[in-house]
Protein chains: 2
Amino acid sequence: MSQLYLDDLSVGDTFESSEYEMTEDRITAFARDYDPQVFHTDPEAAQETFFGGLAASGWHTAAVTMRLMVESVPFANGTIGAGGDLRWPEPTRPGDRLRLLTWIEEIIPNRSKPGRARIVVQCRTLNQHDALKQEFRPNLMAWKRGVDPQA
Amino acid sequence: MSQLYLDDLSVGDTFESSEYEMTEDRITAFARDYDPQVFHTDPEAAQETFFGGLAASGWHTAAVTMRLMVESVPFANGTIGAGGDLRWPEPTRPGDRLRLLTWIEEIIPNRSKPGRARIVVQCRTLNQHDALKQEFRPNLMAWKRGVDPQA
């Protein structure tokens, strides 16, 4: 896919990713490493918890969202953010096929460094039934063609 | 470690985790799965990028923070949040030993469901030199002893 420079971006541009399936094996493997709580690691024991069954760690949904973003929002010099407001309206479940919709809300030029801007994007992670599993609103960095990102 | 119920929590309570070392191998393995960009996967190629060297994916820092939280903030019925404001002031680098400081900022009782509350916590992820690598401010769920989390 082509690399997108600041020159190529406009408010309202949208990006859609392919799908990534959240299998039980993927959910429990991620959780064993990073969020070892029974509702994320043990389908049986999860029945008796708040979630009433196995649920993916929110951080797994977030990590998969980043994977889908790298694939679908190919900014030149990298898809780079410094955080944002993150929300999980409902848990991701085994069998959910996640995909990412991203659109550009705002482009904020850097006043002191010409040729750079912050790109405010809205990222919605949906499953195959369009149920909203994550919302994230980061500022990404963008550079015009020919501008050195290390300068 | 003991399980903490709403009865046990007070504004100002603090929690400190052990350390987790972010090695080059861990950084590149996480990134290959979830954030495959050269500044997270290839120490050599990373030199020429915005980061000027290998940096961990912010989502790796976030996932490790969750791991440290499960260990150090043992809420009864699970350490469960629905998102929050997430910020990475500077990238995590190979050799950083991350630890988590968490404190309770606010306790907001649920008006319609007695015995439950939202616990507003501030989570700061620091390295061994106390450099701030991540700030996260989630609302966690807490229940009084004897309250059914599925009710």
# chains A, B, ... in the order shown; residues from 1 in each chain; ligands from 1

$ closest_atom_pairs --of "chain A" --to "chain B" --cutoff "6 Å" --atoms "only C-alpha atoms" --output "Markdown table"
| residue | atom | partner | partner_atom | distance |
| --- | --- | --- | --- | --- |
| A:Tyr34 | CA | B:Arg67 | CA | 4.7 |
| A:Asp35 | CA | B:Arg67 | CA | 5.2 |
| A:Phe50 | CA | B:Gln150 | CA | 5.1 |
| A:Trp59 | CA | B:Ala63 | CA | 5.9 |
| A:Ala63 | CA | B:Tyr34 | CA | 5.5 |
| A:Val64 | CA | B:Tyr34 | CA | 5.9 |
| A:Met66 | CA | B:Asp35 | CA | 6.0 |
| A:Arg67 | CA | B:Tyr34 | CA | 4.6 |
| A:Ala82 | CA | B:Trp88 | CA | 5.1 |
| A:Gly83 | CA | B:Arg87 | CA | 4.2 |
| A:Gly84 | CA | B:Leu86 | CA | 5.3 |
| A:Asp85 | CA | B:Asp85 | CA | 4.5 |
| A:Leu86 | CA | B:Gly83 | CA | 5.2 |
| A:Arg87 | CA | B:Gly83 | CA | 4.2 |
| A:Trp88 | CA | B:Ala82 | CA | 5.1 |
| A:Pro149 | CA | B:Phe50 | CA | 5.1 |
| A:Gln150 | CA | B:Phe50 | CA | 5.1 |

$ select_by_dssp --residues "chain A" --states "strand (DSSP E)" --output "ChimeraX atom specification"
/A:14-16,20-22,81-87,96-109,116-126,132-143

$ residues_around --residues "segment 93-107 of chain B" --least-positions-apart "3" --cutoff "8 Å" --atoms "only C-alpha atoms" --output "PyMOL selection string"
chain B and resi 10-24+27+54-56+65+68-69+73+117-128

$ residues_around --residues "Gly146 of chain B" --least-positions-apart "4" --cutoff "12 Å" --atoms "only C-alpha atoms" --output "list in words"
Tyr5, Leu6, Asp7, Ala76, Asn77, Pro114, Gly115, Arg116, Ala142, Gln150 and Ala151 of chain B

$ write_last_selection --atoms "N, CA, C and O atoms" --output "mmCIF file, in the first residue's frame"
data_model
loop_
_atom_site.group_PDB
_atom_site.id
_atom_site.type_symbol
_atom_site.label_atom_id
_atom_site.label_comp_id
_atom_site.auth_asym_id
_atom_site.auth_seq_id
_atom_site.Cartn_x
_atom_site.Cartn_y
_atom_site.Cartn_z
ATOM 1 N N TYR B 5 -11.803 -5.762 48.673
ATOM 2 C CA TYR B 5 -13.197 -5.403 48.420
ATOM 3 C C TYR B 5 -13.368 -3.892 48.601
ATOM 4 O O TYR B 5 -12.492 -3.213 49.166
ATOM 5 N N LEU B 6 -14.502 -3.401 48.148
ATOM 6 C CA LEU B 6 -14.815 -1.982 48.307
ATOM 7 C C LEU B 6 -14.645 -1.550 49.763
ATOM 8 O O LEU B 6 -14.147 -0.453 50.041
ATOM 9 N N ASP B 7 -15.042 -2.429 50.692
ATOM 10 C CA ASP B 7 -14.890 -2.149 52.128
ATOM 11 C C ASP B 7 -13.451 -1.797 52.511
ATOM 12 O O ASP B 7 -13.218 -1.138 53.526
ATOM 13 N N ALA B 76 -10.859 -7.753 44.515
ATOM 14 C CA ALA B 76 -11.714 -8.937 44.534
ATOM 15 C C ALA B 76 -12.630 -8.913 43.307
ATOM 16 O O ALA B 76 -13.062 -7.842 42.869
ATOM 17 N N ASN B 77 -12.896 -10.063 42.742
ATOM 18 C CA ASN B 77 -13.707 -10.217 41.524
ATOM 19 C C ASN B 77 -12.993 -9.728 40.262
ATOM 20 O O ASN B 77 -13.578 -9.734 39.182
ATOM 21 N N PRO B 114 -26.559 -0.667 45.130
ATOM 22 C CA PRO B 114 -25.789 -0.527 46.365
ATOM 23 C C PRO B 114 -24.702 -1.593 46.471
ATOM 24 O O PRO B 114 -24.832 -2.692 45.939
ATOM 25 N N GLY B 115 -23.605 -1.236 47.153
ATOM 26 C CA GLY B 115 -22.522 -2.194 47.339
ATOM 27 C C GLY B 115 -21.532 -2.237 46.201
ATOM 28 O O GLY B 115 -20.622 -3.064 46.193
ATOM 29 N N ARG B 116 -21.724 -1.337 45.220
ATOM 30 C CA ARG B 116 -20.780 -1.246 44.102
ATOM 31 C C ARG B 116 -20.276 0.185 43.994
ATOM 32 O O ARG B 116 -20.992 1.124 44.348
ATOM 33 N N ALA B 142 -15.501 -2.021 41.804
ATOM 34 C CA ALA B 142 -15.288 -2.678 43.102
ATOM 35 C C ALA B 142 -16.633 -3.019 43.723
ATOM 36 O O ALA B 142 -17.638 -2.324 43.500
ATOM 37 N N GLN B 150 -22.303 -10.663 39.425
ATOM 38 C CA GLN B 150 -23.167 -10.946 38.260
ATOM 39 C C GLN B 150 -24.579 -10.376 38.452
ATOM 40 O O GLN B 150 -25.394 -10.436 37.541
ATOM 41 N N ALA B 151 -24.862 -9.844 39.636
ATOM 42 C CA ALA B 151 -26.229 -9.373 39.914
ATOM 43 C C ALA B 151 -26.492 -8.025 39.233
ATOM 44 O O ALA B 151 -25.582 -7.250 39.011
#

$ atom_distance --atom1 "atom CA of Ala131 of chain B" --atom2 "atom CA of Arg26 of chain B"
20.0 Å

$ select_by_dssp --residues "segment 65-144 of chain A" --states "alpha helix (DSSP H)" --output "ChimeraX atom specification"
/A:65-72

$ write_last_selection --atoms "C-alpha atoms" --output "compact mmCIF listing (two decimals), in the first residue's frame"
# COMPACT_ATOMS: atom_id res chain seq x y z
CA THR A 65 -6.47 -2.71 16.76
CA MET A 66 -2.90 -1.42 16.38
CA ARG A 67 -2.10 -4.35 14.10
CA LEU A 68 -5.11 -3.48 11.94
CA MET A 69 -4.08 0.18 11.98
CA VAL A 70 -0.55 -0.53 10.73
CA GLU A 71 -2.12 -2.45 7.86
CA SER A 72 -4.84 0.06 6.96

$ decode --residues "segment 6-107 of chain B" --atoms "C-alpha atoms" --output "short mmCIF file (atom, residue, chain, number, x, y, z; two decimals), in the first residue's frame"
data_model
loop_
_atom_site.label_atom_id
_atom_site.label_comp_id
_atom_site.auth_asym_id
_atom_site.auth_seq_id
_atom_site.Cartn_x
_atom_site.Cartn_y
_atom_site.Cartn_z
CA LEU B 6 -14.81 -1.98 48.31
CA ASP B 7 -14.89 -2.15 52.13
CA ASP B 8 -11.07 -2.19 52.12
CA LEU B 9 -10.44 0.78 49.79
CA SER B 10 -9.85 4.45 50.65
CA VAL B 11 -8.91 7.55 48.66
CA GLY B 12 -5.12 7.91 48.79
CA ASP B 13 -4.36 4.18 49.00
CA THR B 14 -1.24 3.41 46.96
CA PHE B 15 0.07 0.25 45.34
CA GLU B 16 3.54 -0.51 43.95
CA SER B 17 4.42 -3.40 41.65
CA SER B 18 7.63 -5.35 41.11
CA GLU B 19 9.76 -4.69 37.98
CA TYR B 20 9.45 -6.15 34.47
CA GLU B 21 12.42 -5.83 32.12
CA MET B 22 11.76 -4.75 28.55
CA THR B 23 14.43 -6.69 26.67
CA GLU B 24 15.11 -6.31 22.95
CA ASP B 25 13.69 -9.81 22.39
CA ARG B 26 10.45 -9.04 24.21
CA ILE B 27 10.05 -5.69 22.42
CA THR B 28 10.54 -7.14 18.93
CA ALA B 29 8.40 -10.25 19.60
CA PHE B 30 5.41 -8.18 20.77
CA ALA B 31 5.80 -5.81 17.84
CA ARG B 32 5.96 -8.57 15.23
CA ASP B 33 2.52 -9.72 16.43
CA TYR B 34 0.79 -6.39 17.11
CA ASP B 35 2.72 -3.35 15.86
CA PRO B 36 4.98 -4.43 12.99
CA GLN B 37 6.82 -1.19 12.24
CA VAL B 38 10.60 -1.11 11.83
CA PHE B 39 11.25 1.14 14.83
CA HIS B 40 9.66 -1.60 17.00
CA THR B 41 11.01 -4.70 15.21
CA ASP B 42 14.48 -3.95 13.78
CA PRO B 43 17.20 -2.36 15.97
CA GLU B 44 19.34 -1.45 12.94
CA ALA B 45 16.65 0.03 10.70
CA ALA B 46 15.21 1.86 13.74
CA GLN B 47 18.27 4.16 13.78
CA GLU B 48 17.02 6.03 10.73
CA THR B 49 13.48 6.61 12.05
CA PHE B 50 11.75 9.23 14.19
CA PHE B 51 12.68 7.20 17.30
CA GLY B 52 16.41 7.07 16.44
CA GLY B 53 16.64 3.50 17.76
CA LEU B 54 14.53 0.58 18.88
CA ALA B 55 11.47 1.60 20.93
CA ALA B 56 8.73 -0.58 22.40
CA SER B 57 5.23 -0.28 20.98
CA GLY B 58 3.16 1.87 23.33
CA TRP B 59 0.71 -1.06 23.41
CA HIS B 60 3.49 -3.27 24.75
CA THR B 61 4.11 -0.78 27.56
CA ALA B 62 0.35 -0.78 28.18
CA ALA B 63 0.09 -4.59 28.19
CA VAL B 64 3.01 -4.93 30.61
CA THR B 65 1.42 -2.25 32.79
CA MET B 66 -1.71 -4.41 32.99
CA ARG B 67 0.41 -7.39 33.99
CA LEU B 68 1.96 -5.32 36.79
CA MET B 69 -1.48 -4.10 37.81
CA VAL B 70 -2.92 -7.60 38.15
CA GLU B 71 0.00 -8.42 40.44
CA SER B 72 -0.09 -5.25 42.54
CA VAL B 73 -3.75 -4.09 42.61
CA PRO B 74 -5.62 -7.28 43.57
CA PHE B 75 -9.25 -6.22 43.56
CA ALA B 76 -11.71 -8.94 44.53
CA ASN B 77 -13.71 -10.22 41.52
CA GLY B 78 -10.94 -8.92 39.22
CA THR B 79 -9.19 -5.73 38.21
CA ILE B 80 -11.72 -4.57 35.62
CA GLY B 81 -11.93 -1.26 33.75
CA ALA B 82 -13.66 0.08 30.66
CA GLY B 83 -10.90 2.36 29.37
CA GLY B 84 -9.49 5.74 30.31
CA ASP B 85 -7.11 8.44 29.21
CA LEU B 86 -3.82 6.91 28.09
CA ARG B 87 -0.59 8.82 27.51
CA TRP B 88 2.96 7.84 26.58
CA PRO B 89 5.23 10.80 27.41
CA GLU B 90 8.31 9.03 26.05
CA PRO B 91 9.04 5.65 24.45
CA THR B 92 10.08 2.58 26.41
CA ARG B 93 13.57 1.39 25.38
CA PRO B 94 15.42 -1.94 25.61
CA GLY B 95 16.76 -2.37 29.14
CA ASP B 96 13.99 -0.33 30.77
CA ARG B 97 12.74 -2.06 33.91
CA LEU B 98 9.13 -1.00 34.25
CA ARG B 99 7.23 -0.77 37.49
CA LEU B 100 3.76 0.54 38.24
CA LEU B 101 2.61 3.01 40.88
CA THR B 102 -1.16 3.17 41.35
CA TRP B 103 -3.18 5.31 43.71
CA ILE B 104 -6.86 5.81 44.40
CA GLU B 105 -8.03 9.32 43.48
CA GLU B 106 -11.77 8.98 43.94
CA ILE B 107 -14.44 6.47 45.00
#
